file coords-v4.txt (compact mmCIF, N, CA and C atoms)
# COMPACT_ATOMS: atom_id res chain seq x y z
N MET M 277 6.68 -9.45 21.17
CA MET M 277 5.98 -9.04 19.97
C MET M 277 6.68 -9.65 18.74
N THR M 278 5.91 -10.29 17.92
CA THR M 278 6.45 -10.91 16.71
C THR M 278 6.46 -9.88 15.59
N SER M 279 7.53 -9.91 14.84
CA SER M 279 7.69 -8.98 13.73
C SER M 279 7.84 -9.77 12.44
N ALA M 280 7.50 -9.14 11.34
CA ALA M 280 7.71 -9.75 10.03
C ALA M 280 9.19 -9.99 9.77
N TYR M 281 10.04 -9.35 10.57
CA TYR M 281 11.49 -9.45 10.37
C TYR M 281 12.15 -10.40 11.35
N ASP M 282 11.37 -11.17 12.12
CA ASP M 282 11.96 -12.09 13.09
C ASP M 282 12.84 -13.15 12.42
N GLU M 283 12.34 -13.77 11.36
CA GLU M 283 13.11 -14.83 10.70
C GLU M 283 14.40 -14.31 10.08
N PRO M 284 14.36 -13.22 9.30
CA PRO M 284 15.62 -12.71 8.78
C PRO M 284 16.55 -12.19 9.88
N MET M 285 15.99 -11.64 10.96
CA MET M 285 16.84 -11.19 12.06
C MET M 285 17.47 -12.39 12.76
N THR M 286 16.77 -13.51 12.82
CA THR M 286 17.36 -14.73 13.39
C THR M 286 18.59 -15.12 12.60
N ARG M 287 18.50 -15.06 11.27
CA ARG M 287 19.66 -15.38 10.43
C ARG M 287 20.77 -14.37 10.63
N ALA M 288 20.43 -13.08 10.71
CA ALA M 288 21.45 -12.05 10.93
C ALA M 288 22.13 -12.24 12.28
N LEU M 289 21.38 -12.60 13.30
CA LEU M 289 21.97 -12.86 14.62
C LEU M 289 22.89 -14.07 14.59
N ALA M 290 22.53 -15.09 13.81
CA ALA M 290 23.40 -16.26 13.66
C ALA M 290 24.70 -15.87 12.95
N LEU M 291 24.60 -15.05 11.92
CA LEU M 291 25.80 -14.57 11.23
C LEU M 291 26.66 -13.74 12.18
N ALA M 292 26.03 -12.93 13.01
CA ALA M 292 26.76 -12.13 13.99
C ALA M 292 27.49 -13.04 14.98
N ALA M 293 26.84 -14.11 15.41
CA ALA M 293 27.48 -15.06 16.32
C ALA M 293 28.69 -15.70 15.64
N ASP M 294 28.57 -16.03 14.36
CA ASP M 294 29.71 -16.58 13.61
C ASP M 294 30.86 -15.58 13.57
N ALA M 295 30.53 -14.31 13.36
CA ALA M 295 31.56 -13.27 13.33
C ALA M 295 32.26 -13.19 14.68
N GLY M 296 31.50 -13.16 15.75
CA GLY M 296 32.07 -13.08 17.09
C GLY M 296 32.98 -14.27 17.39
N ALA M 297 32.54 -15.47 16.98
CA ALA M 297 33.35 -16.67 17.20
C ALA M 297 34.67 -16.61 16.44
N ALA M 298 34.70 -15.85 15.34
CA ALA M 298 35.90 -15.70 14.53
C ALA M 298 36.76 -14.51 14.96
N GLY M 299 36.36 -13.85 16.06
CA GLY M 299 37.13 -12.72 16.55
C GLY M 299 36.75 -11.38 15.94
N GLU M 300 35.68 -11.37 15.19
CA GLU M 300 35.17 -10.14 14.57
C GLU M 300 34.10 -9.54 15.48
N VAL M 301 33.89 -8.24 15.39
CA VAL M 301 32.77 -7.64 16.10
C VAL M 301 31.50 -8.33 15.60
N PRO M 302 30.65 -8.82 16.51
CA PRO M 302 29.50 -9.64 16.09
C PRO M 302 28.36 -8.83 15.48
N VAL M 303 28.47 -8.63 14.17
CA VAL M 303 27.40 -7.98 13.41
C VAL M 303 27.11 -8.87 12.20
N GLY M 304 25.83 -9.10 11.96
CA GLY M 304 25.40 -9.88 10.81
C GLY M 304 24.32 -9.15 10.06
N ALA M 305 24.21 -9.42 8.76
CA ALA M 305 23.22 -8.74 7.92
C ALA M 305 22.72 -9.66 6.82
N VAL M 306 21.47 -9.45 6.44
CA VAL M 306 20.89 -10.14 5.28
C VAL M 306 20.14 -9.11 4.45
N VAL M 307 20.07 -9.38 3.14
CA VAL M 307 19.29 -8.55 2.23
C VAL M 307 18.14 -9.40 1.72
N LEU M 308 16.93 -8.83 1.80
CA LEU M 308 15.72 -9.51 1.34
C LEU M 308 15.27 -8.92 0.02
N ASP M 309 14.84 -9.78 -0.89
CA ASP M 309 14.28 -9.28 -2.15
C ASP M 309 12.85 -8.81 -1.88
N PRO M 310 12.16 -8.27 -2.89
CA PRO M 310 10.81 -7.75 -2.65
C PRO M 310 9.82 -8.81 -2.15
N GLU M 311 10.10 -10.08 -2.38
CA GLU M 311 9.23 -11.15 -1.89
C GLU M 311 9.62 -11.62 -0.49
N GLY M 312 10.68 -11.06 0.08
CA GLY M 312 11.09 -11.42 1.43
C GLY M 312 12.10 -12.56 1.51
N ARG M 313 12.62 -12.99 0.37
CA ARG M 313 13.63 -14.06 0.37
C ARG M 313 15.02 -13.46 0.59
N ILE M 314 15.85 -14.18 1.32
CA ILE M 314 17.23 -13.74 1.53
C ILE M 314 18.00 -13.94 0.23
N VAL M 315 18.57 -12.85 -0.29
CA VAL M 315 19.35 -12.91 -1.54
C VAL M 315 20.80 -12.50 -1.33
N GLY M 316 21.13 -12.11 -0.12
CA GLY M 316 22.51 -11.77 0.20
C GLY M 316 22.67 -11.78 1.70
N GLU M 317 23.82 -12.21 2.15
CA GLU M 317 24.08 -12.18 3.59
C GLU M 317 25.55 -11.88 3.83
N GLY M 318 25.81 -11.40 5.02
CA GLY M 318 27.19 -11.08 5.36
C GLY M 318 27.37 -10.94 6.86
N ARG M 319 28.61 -11.01 7.25
CA ARG M 319 28.99 -10.77 8.64
C ARG M 319 30.27 -9.96 8.61
N ASN M 320 30.60 -9.35 9.72
CA ASN M 320 31.83 -8.58 9.76
C ASN M 320 33.01 -9.46 9.37
N LEU M 321 33.87 -8.94 8.50
CA LEU M 321 35.04 -9.68 8.01
C LEU M 321 36.30 -8.82 8.01
N ARG M 322 36.28 -7.72 8.74
CA ARG M 322 37.43 -6.79 8.69
C ARG M 322 38.73 -7.43 9.13
N GLU M 323 38.70 -8.20 10.19
CA GLU M 323 39.93 -8.80 10.71
C GLU M 323 40.48 -9.86 9.77
N VAL M 324 39.62 -10.74 9.32
CA VAL M 324 40.08 -11.85 8.48
C VAL M 324 40.53 -11.37 7.09
N THR M 325 39.87 -10.36 6.55
CA THR M 325 40.22 -9.88 5.22
C THR M 325 41.17 -8.69 5.24
N ARG M 326 41.36 -8.11 6.43
CA ARG M 326 42.16 -6.89 6.59
C ARG M 326 41.61 -5.75 5.71
N ASP M 327 40.31 -5.75 5.55
CA ASP M 327 39.62 -4.80 4.69
C ASP M 327 38.77 -3.88 5.56
N PRO M 328 39.08 -2.59 5.60
CA PRO M 328 38.30 -1.68 6.45
C PRO M 328 36.84 -1.56 6.03
N THR M 329 36.50 -1.95 4.81
CA THR M 329 35.10 -1.91 4.37
C THR M 329 34.39 -3.24 4.60
N GLY M 330 35.01 -4.15 5.29
CA GLY M 330 34.45 -5.48 5.50
C GLY M 330 33.37 -5.55 6.57
N HIS M 331 32.47 -4.57 6.57
CA HIS M 331 31.35 -4.59 7.51
C HIS M 331 30.26 -5.52 6.97
N ALA M 332 29.47 -6.06 7.87
CA ALA M 332 28.42 -7.01 7.50
C ALA M 332 27.49 -6.46 6.42
N GLU M 333 27.11 -5.20 6.54
CA GLU M 333 26.20 -4.60 5.57
C GLU M 333 26.80 -4.57 4.17
N VAL M 334 28.06 -4.16 4.07
CA VAL M 334 28.73 -4.07 2.77
C VAL M 334 28.87 -5.46 2.16
N VAL M 335 29.24 -6.43 2.98
CA VAL M 335 29.38 -7.82 2.49
C VAL M 335 28.03 -8.32 1.98
N ALA M 336 26.96 -8.06 2.72
CA ALA M 336 25.62 -8.50 2.32
C ALA M 336 25.15 -7.78 1.05
N LEU M 337 25.42 -6.48 0.96
CA LEU M 337 25.03 -5.73 -0.24
C LEU M 337 25.74 -6.25 -1.47
N ARG M 338 27.02 -6.56 -1.33
CA ARG M 338 27.78 -7.10 -2.47
C ARG M 338 27.20 -8.43 -2.93
N ALA M 339 26.87 -9.29 -1.97
CA ALA M 339 26.29 -10.60 -2.31
C ALA M 339 24.92 -10.44 -2.97
N ALA M 340 24.11 -9.53 -2.45
CA ALA M 340 22.78 -9.31 -3.02
C ALA M 340 22.87 -8.73 -4.43
N ALA M 341 23.78 -7.79 -4.65
CA ALA M 341 23.95 -7.21 -5.98
C ALA M 341 24.39 -8.27 -6.98
N GLU M 342 25.28 -9.15 -6.53
CA GLU M 342 25.72 -10.24 -7.40
C GLU M 342 24.54 -11.15 -7.76
N ALA M 343 23.74 -11.53 -6.76
CA ALA M 343 22.60 -12.40 -6.99
C ALA M 343 21.54 -11.72 -7.86
N HIS M 344 21.37 -10.42 -7.67
CA HIS M 344 20.37 -9.64 -8.40
C HIS M 344 20.82 -9.35 -9.83
N GLY M 345 22.12 -9.33 -10.04
CA GLY M 345 22.64 -9.02 -11.37
C GLY M 345 22.79 -7.53 -11.62
N GLY M 346 22.86 -6.76 -10.55
CA GLY M 346 23.04 -5.32 -10.69
C GLY M 346 23.11 -4.66 -9.33
N TRP M 347 23.62 -3.44 -9.30
CA TRP M 347 23.84 -2.73 -8.05
C TRP M 347 22.58 -2.12 -7.46
N ASN M 348 21.57 -1.85 -8.29
CA ASN M 348 20.36 -1.16 -7.83
C ASN M 348 19.43 -2.14 -7.13
N LEU M 349 19.37 -2.01 -5.81
CA LEU M 349 18.58 -2.92 -4.98
C LEU M 349 17.32 -2.25 -4.45
N GLU M 350 16.76 -1.35 -5.26
CA GLU M 350 15.51 -0.70 -4.89
C GLU M 350 14.46 -1.78 -4.62
N ASP M 351 13.62 -1.55 -3.67
CA ASP M 351 12.58 -2.50 -3.24
C ASP M 351 13.14 -3.67 -2.44
N HIS M 352 14.43 -3.65 -2.12
CA HIS M 352 15.02 -4.66 -1.25
C HIS M 352 15.09 -4.11 0.18
N THR M 353 15.25 -5.01 1.12
CA THR M 353 15.34 -4.64 2.54
C THR M 353 16.62 -5.20 3.11
N LEU M 354 17.33 -4.38 3.86
CA LEU M 354 18.53 -4.82 4.58
C LEU M 354 18.14 -5.01 6.04
N VAL M 355 18.43 -6.18 6.58
CA VAL M 355 18.19 -6.48 7.99
C VAL M 355 19.55 -6.70 8.62
N VAL M 356 19.88 -5.92 9.66
CA VAL M 356 21.21 -5.96 10.27
C VAL M 356 21.08 -5.88 11.78
N THR M 357 21.99 -6.51 12.48
CA THR M 357 21.90 -6.59 13.93
C THR M 357 22.27 -5.30 14.64
N LEU M 358 23.01 -4.41 14.01
CA LEU M 358 23.45 -3.15 14.62
C LEU M 358 23.15 -2.00 13.68
N GLU M 359 22.73 -0.89 14.24
CA GLU M 359 22.49 0.32 13.44
C GLU M 359 23.70 0.60 12.55
N PRO M 360 23.48 0.81 11.25
CA PRO M 360 24.60 1.05 10.34
C PRO M 360 25.41 2.30 10.69
N CYS M 361 26.71 2.22 10.40
CA CYS M 361 27.61 3.36 10.58
C CYS M 361 27.51 4.27 9.35
N VAL M 362 28.27 5.35 9.36
CA VAL M 362 28.25 6.30 8.25
C VAL M 362 28.66 5.64 6.94
N MET M 363 29.73 4.84 6.96
CA MET M 363 30.18 4.18 5.73
C MET M 363 29.08 3.27 5.19
N CYS M 364 28.49 2.47 6.06
CA CYS M 364 27.47 1.53 5.61
C CYS M 364 26.21 2.26 5.15
N ALA M 365 25.86 3.35 5.82
CA ALA M 365 24.71 4.15 5.39
C ALA M 365 24.95 4.66 3.97
N GLY M 366 26.16 5.10 3.69
CA GLY M 366 26.49 5.55 2.34
C GLY M 366 26.34 4.43 1.32
N ALA M 367 26.81 3.25 1.66
CA ALA M 367 26.70 2.10 0.75
C ALA M 367 25.23 1.72 0.55
N ILE M 368 24.44 1.78 1.62
CA ILE M 368 23.01 1.48 1.53
C ILE M 368 22.33 2.45 0.57
N LEU M 369 22.64 3.72 0.71
CA LEU M 369 22.04 4.72 -0.18
C LEU M 369 22.50 4.54 -1.62
N GLN M 370 23.77 4.21 -1.81
CA GLN M 370 24.28 3.98 -3.17
C GLN M 370 23.61 2.78 -3.81
N ALA M 371 23.24 1.77 -3.01
CA ALA M 371 22.57 0.58 -3.53
C ALA M 371 21.07 0.80 -3.70
N ARG M 372 20.57 1.93 -3.24
CA ARG M 372 19.15 2.28 -3.33
C ARG M 372 18.25 1.34 -2.53
N ILE M 373 18.78 0.78 -1.45
CA ILE M 373 17.98 -0.07 -0.57
C ILE M 373 16.77 0.72 -0.09
N GLY M 374 15.60 0.13 -0.16
CA GLY M 374 14.38 0.84 0.19
C GLY M 374 14.06 0.86 1.68
N ARG M 375 14.49 -0.16 2.39
CA ARG M 375 14.17 -0.26 3.82
C ARG M 375 15.35 -0.86 4.56
N VAL M 376 15.64 -0.31 5.72
CA VAL M 376 16.68 -0.83 6.60
C VAL M 376 16.03 -1.16 7.94
N VAL M 377 16.22 -2.39 8.37
CA VAL M 377 15.71 -2.88 9.64
C VAL M 377 16.92 -3.26 10.48
N PHE M 378 17.02 -2.72 11.69
CA PHE M 378 18.17 -3.09 12.52
C PHE M 378 17.76 -3.40 13.94
N GLY M 379 18.69 -4.08 14.63
CA GLY M 379 18.47 -4.48 16.01
C GLY M 379 18.91 -3.42 17.00
N ALA M 380 20.16 -3.48 17.41
CA ALA M 380 20.68 -2.59 18.45
C ALA M 380 21.00 -1.21 17.90
N TRP M 381 20.70 -0.19 18.69
CA TRP M 381 21.09 1.18 18.37
C TRP M 381 22.57 1.34 18.67
N ASP M 382 23.25 2.19 17.91
CA ASP M 382 24.67 2.46 18.14
C ASP M 382 24.83 3.95 18.47
N ASP M 383 24.82 4.25 19.76
CA ASP M 383 24.89 5.64 20.22
C ASP M 383 26.23 6.30 19.95
N LYS M 384 27.24 5.50 19.60
CA LYS M 384 28.58 6.07 19.35
C LYS M 384 28.86 6.32 17.88
N ALA M 385 28.26 5.52 16.98
CA ALA M 385 28.60 5.66 15.57
C ALA M 385 27.42 5.43 14.63
N GLY M 386 26.22 5.33 15.14
CA GLY M 386 25.05 5.03 14.32
C GLY M 386 24.67 6.15 13.38
N ALA M 387 24.31 5.77 12.16
CA ALA M 387 23.95 6.76 11.14
C ALA M 387 22.53 6.54 10.62
N ALA M 388 21.68 5.93 11.46
CA ALA M 388 20.29 5.69 11.07
C ALA M 388 19.34 6.23 12.13
N GLY M 389 19.79 7.27 12.85
CA GLY M 389 18.90 7.89 13.81
C GLY M 389 19.50 8.25 15.14
N SER M 390 20.59 7.61 15.54
CA SER M 390 21.15 7.94 16.85
C SER M 390 22.14 9.09 16.79
N MET M 391 23.34 8.86 16.27
CA MET M 391 24.33 9.94 16.10
C MET M 391 23.99 10.82 14.89
N TYR M 392 23.71 10.15 13.80
CA TYR M 392 23.38 10.81 12.54
C TYR M 392 22.12 10.15 11.99
N ASP M 393 21.53 10.74 10.99
CA ASP M 393 20.37 10.13 10.34
C ASP M 393 20.52 10.24 8.83
N LEU M 394 21.62 9.70 8.34
CA LEU M 394 21.92 9.80 6.91
C LEU M 394 20.89 9.10 6.03
N LEU M 395 20.34 8.00 6.52
CA LEU M 395 19.43 7.23 5.68
C LEU M 395 18.13 7.96 5.37
N ARG M 396 17.79 8.96 6.20
CA ARG M 396 16.55 9.70 5.99
C ARG M 396 16.80 11.20 5.78
N ASP M 397 18.02 11.55 5.46
CA ASP M 397 18.39 12.95 5.30
C ASP M 397 17.75 13.52 4.03
N ARG M 398 16.89 14.49 4.18
CA ARG M 398 16.15 15.06 3.05
C ARG M 398 17.04 15.84 2.08
N ARG M 399 18.27 16.15 2.47
CA ARG M 399 19.18 16.86 1.58
C ARG M 399 19.80 15.92 0.55
N LEU M 400 19.70 14.63 0.78
CA LEU M 400 20.28 13.65 -0.14
C LEU M 400 19.26 13.25 -1.20
N PRO M 401 19.74 12.79 -2.35
CA PRO M 401 18.81 12.47 -3.45
C PRO M 401 18.01 11.18 -3.23
N TYR M 402 18.41 10.36 -2.28
CA TYR M 402 17.71 9.10 -2.05
C TYR M 402 17.63 8.86 -0.55
N ARG M 403 16.51 8.32 -0.09
CA ARG M 403 16.32 8.03 1.33
C ARG M 403 15.77 6.61 1.48
N ALA M 404 15.98 6.05 2.65
CA ALA M 404 15.47 4.71 2.95
C ALA M 404 14.53 4.79 4.15
N GLU M 405 13.56 3.93 4.17
CA GLU M 405 12.73 3.75 5.36
C GLU M 405 13.60 3.07 6.41
N VAL M 406 13.46 3.46 7.67
CA VAL M 406 14.27 2.88 8.74
C VAL M 406 13.34 2.35 9.83
N ILE M 407 13.59 1.09 10.22
CA ILE M 407 12.88 0.47 11.34
C ILE M 407 13.95 -0.02 12.30
N GLY M 408 14.06 0.62 13.45
CA GLY M 408 15.09 0.27 14.41
C GLY M 408 14.54 -0.44 15.63
N GLY M 409 15.43 -1.13 16.33
CA GLY M 409 15.09 -1.76 17.60
C GLY M 409 14.46 -3.14 17.52
N ILE M 410 14.51 -3.79 16.36
CA ILE M 410 13.94 -5.14 16.22
C ILE M 410 14.88 -6.13 16.92
N ARG M 411 14.39 -6.77 17.96
CA ARG M 411 15.16 -7.74 18.77
C ARG M 411 16.46 -7.09 19.28
N SER M 412 16.33 -5.85 19.67
CA SER M 412 17.50 -5.07 20.11
C SER M 412 18.18 -5.67 21.32
N ASP M 413 17.42 -6.26 22.24
CA ASP M 413 18.04 -6.85 23.44
C ASP M 413 19.00 -7.96 23.07
N GLU M 414 18.59 -8.82 22.14
CA GLU M 414 19.45 -9.93 21.72
C GLU M 414 20.70 -9.42 21.01
N ALA M 415 20.51 -8.48 20.10
CA ALA M 415 21.65 -7.94 19.35
C ALA M 415 22.62 -7.22 20.28
N ALA M 416 22.09 -6.43 21.19
CA ALA M 416 22.94 -5.71 22.15
C ALA M 416 23.67 -6.68 23.08
N ALA M 417 23.01 -7.76 23.48
CA ALA M 417 23.63 -8.75 24.36
C ALA M 417 24.83 -9.42 23.68
N GLN M 418 24.70 -9.71 22.39
CA GLN M 418 25.83 -10.29 21.64
C GLN M 418 27.03 -9.35 21.67
N LEU M 419 26.77 -8.10 21.38
CA LEU M 419 27.85 -7.11 21.35
C LEU M 419 28.46 -6.92 22.73
N ARG M 420 27.62 -6.80 23.75
CA ARG M 420 28.11 -6.61 25.12
C ARG M 420 28.99 -7.77 25.56
N ALA M 421 28.54 -8.99 25.30
CA ALA M 421 29.32 -10.18 25.68
C ALA M 421 30.66 -10.21 24.95
N PHE M 422 30.66 -9.85 23.68
CA PHE M 422 31.89 -9.84 22.91
C PHE M 422 32.91 -8.87 23.51
N PHE M 423 32.48 -7.66 23.81
CA PHE M 423 33.41 -6.65 24.32
C PHE M 423 33.79 -6.90 25.77
N GLU M 424 32.89 -7.44 26.57
CA GLU M 424 33.23 -7.78 27.96
C GLU M 424 34.31 -8.86 28.01
N GLU M 425 34.24 -9.81 27.09
CA GLU M 425 35.23 -10.88 27.03
C GLU M 425 36.62 -10.36 26.68
N ARG M 426 36.68 -9.25 25.97
CA ARG M 426 37.96 -8.69 25.54
C ARG M 426 38.54 -7.66 26.49
N ARG M 427 37.80 -7.29 27.51
CA ARG M 427 38.30 -6.29 28.48
C ARG M 427 39.11 -6.92 29.56
call {"tool": "encode", "arguments": {"input": "coords-v4.txt", "output": "structure tokens"}}
result
Amino acid sequence: MTSAYDEPMTRALALAADAGAAGEVPVGAVVLDPEGRIVGEGRNLREVTRDPTGHAEVVALRAAAEAHGGWNLEDHTLVVTLEPCVMCAGAILQARIGRVVFGAWDDKAGAAGSMYDLLRDRRLPYRAEVIGGIRSDEAAAQLRAFFEERR
């Protein structure tokens, strides 16, 4: 099944592959503007930067905010290969991202519907639309191969 998010997910998967090749957990992310153009991208950088916040989503949000000229990314879409964690969900909400599209579900730390559902929590002042499972087999295969190689 073809999705409107296939092309940006292809880029996010390529960024994830770059992360894995560099010894980082293979997660990649892109931010799309309201017209669907990529305005920010990122991959996991925690190991290389020694920064605990160096997740792909945070890196992509920072790049998009810089390109946009401000932190408020309402009407933007984040496309990421793995369901965001609690930290990234918080950053997504702070950036006012309107939609989050992700590949693989994260049953251990996901905060977009599996472990937690912070992005759609009605108790919070802002919520994002969530579309999960886009090309999940490919995203999960990248992660599985990375961790199998390290065991």
call {"tool": "residues_near_point", "arguments": {"input": "coords-v4.txt", "point": "(19.3, 5.6, -4.9)", "cutoff": "5 Å", "atoms": "only N, CA and C atoms", "output": "PyMOL selection string"}}
result
chain M and resi 369+372+402
call {"tool": "residues_around", "arguments": {"input": "coords-v4.txt", "residues": "segment 296-299 of chain M", "least_positions_apart": "5", "cutoff": "8 Å", "atoms": "only N, CA and C atoms", "output": "PyMOL selection string"}}
result
chain M and resi 290-291+304+319-320+323-324+418+422
call {"tool": "axis_aligned_box", "arguments": {"input": "coords-v4.txt", "around": "segment 298-313 of chain M", "padding_each_side": "5 Å", "output": "AutoDock Vina command-line options"}}
result
--center_x 23.2 --center_y -11.7 --center_z 6.8 --size_x 37.9 --size_y 18.2 --size_z 29.4
call {"tool": "residues_near_point", "arguments": {"input": "coords-v4.txt", "point": "(23.0, -6.2, -6.2)", "cutoff": "12 Å", "atoms": "only C-alpha atoms", "output": "PyMOL selection string"}}
result
chain M and resi 307-309+315-317+334-354+367-368+370-373
call {"tool": "residues_around", "arguments": {"input": "coords-v4.txt", "residues": "Ile407 of chain M", "least_positions_apart": "3", "cutoff": "5 Å", "atoms": "all atoms listed in the file", "output": "PyMOL selection string"}}
result
chain M and resi 376-378
call {"tool": "atom_distance", "arguments": {"input": "coords-v4.txt", "atom1": "atom CA of Asp397 of chain M", "atom2": "atom CA of Glu359 of chain M"}}
result
15.6 Å
call {"tool": "closest_residue", "arguments": {"input": "coords-v4.txt", "among": "M:Ala387, M:Ala404, M:Ala292, M:Leu394", "to": "Ala416 of chain M", "atoms": "only C-alpha atoms"}}
result
M:Ala292
call {"tool": "atom_distance", "arguments": {"input": "coords-v4.txt", "atom1": "atom CA of Arg287 of chain M", "atom2": "atom CA of Val303 of chain M"}}
result
11.1 Å
call {"tool": "atom_distance", "arguments": {"input": "coords-v4.txt", "atom1": "atom CA of Ala415 of chain M", "atom2": "atom CA of Ala380 of chain M"}}
result
5.5 Å
call {"tool": "closest_residue", "arguments": {"input": "coords-v4.txt", "among": "M:Ile410, M:Arg403, M:Asp382, M:Pro360", "to": "Pro284 of chain M", "atoms": "only C-alpha atoms"}}
result
M:Ile410
call {"tool": "closest_residue", "arguments": {"input": "coords-v4.txt", "among": "M:Ile314, M:Ala421, M:Ala305, M:Cys361", "to": "Thr329 of chain M", "atoms": "only C-alpha atoms"}}
result
M:Cys361
call {"tool": "closest_residue", "arguments": {"input": "coords-v4.txt", "among": "M:Val362, M:Val406, M:Ala280, M:Leu400", "to": "Gly374 of chain M", "atoms": "all atoms listed in the file"}}
result
M:Val406
call {"tool": "select_by_dssp", "arguments": {"input": "coords-v4.txt", "residues": "segment 314-368 of chain M", "states": "alpha helix (DSSP H)", "output": "MDAnalysis selection string"}}
result
chainID M and resid 322:325 332:344 362:368
call {"tool": "closest_residue", "arguments": {"input": "coords-v4.txt", "among": "M:Asp327, M:Pro302, M:Asp294, M:Arg427", "to": "Leu358 of chain M", "atoms": "all atoms listed in the file"}}
result
M:Pro302
call {"tool": "select_by_dssp", "arguments": {"input": "coords-v4.txt", "residues": "chain M", "states": "strand (DSSP E)", "output": "ChimeraX atom specification"}}
result
/M:304-308,314-319,353-358,375-380,405-407
call {"tool": "closest_residue", "arguments": {"input": "coords-v4.txt", "among": "M:Trp381, M:Pro401, M:Gly389, M:Leu395", "to": "Ala365 of chain M", "atoms": "all atoms listed in the file"}}
result
M:Leu395
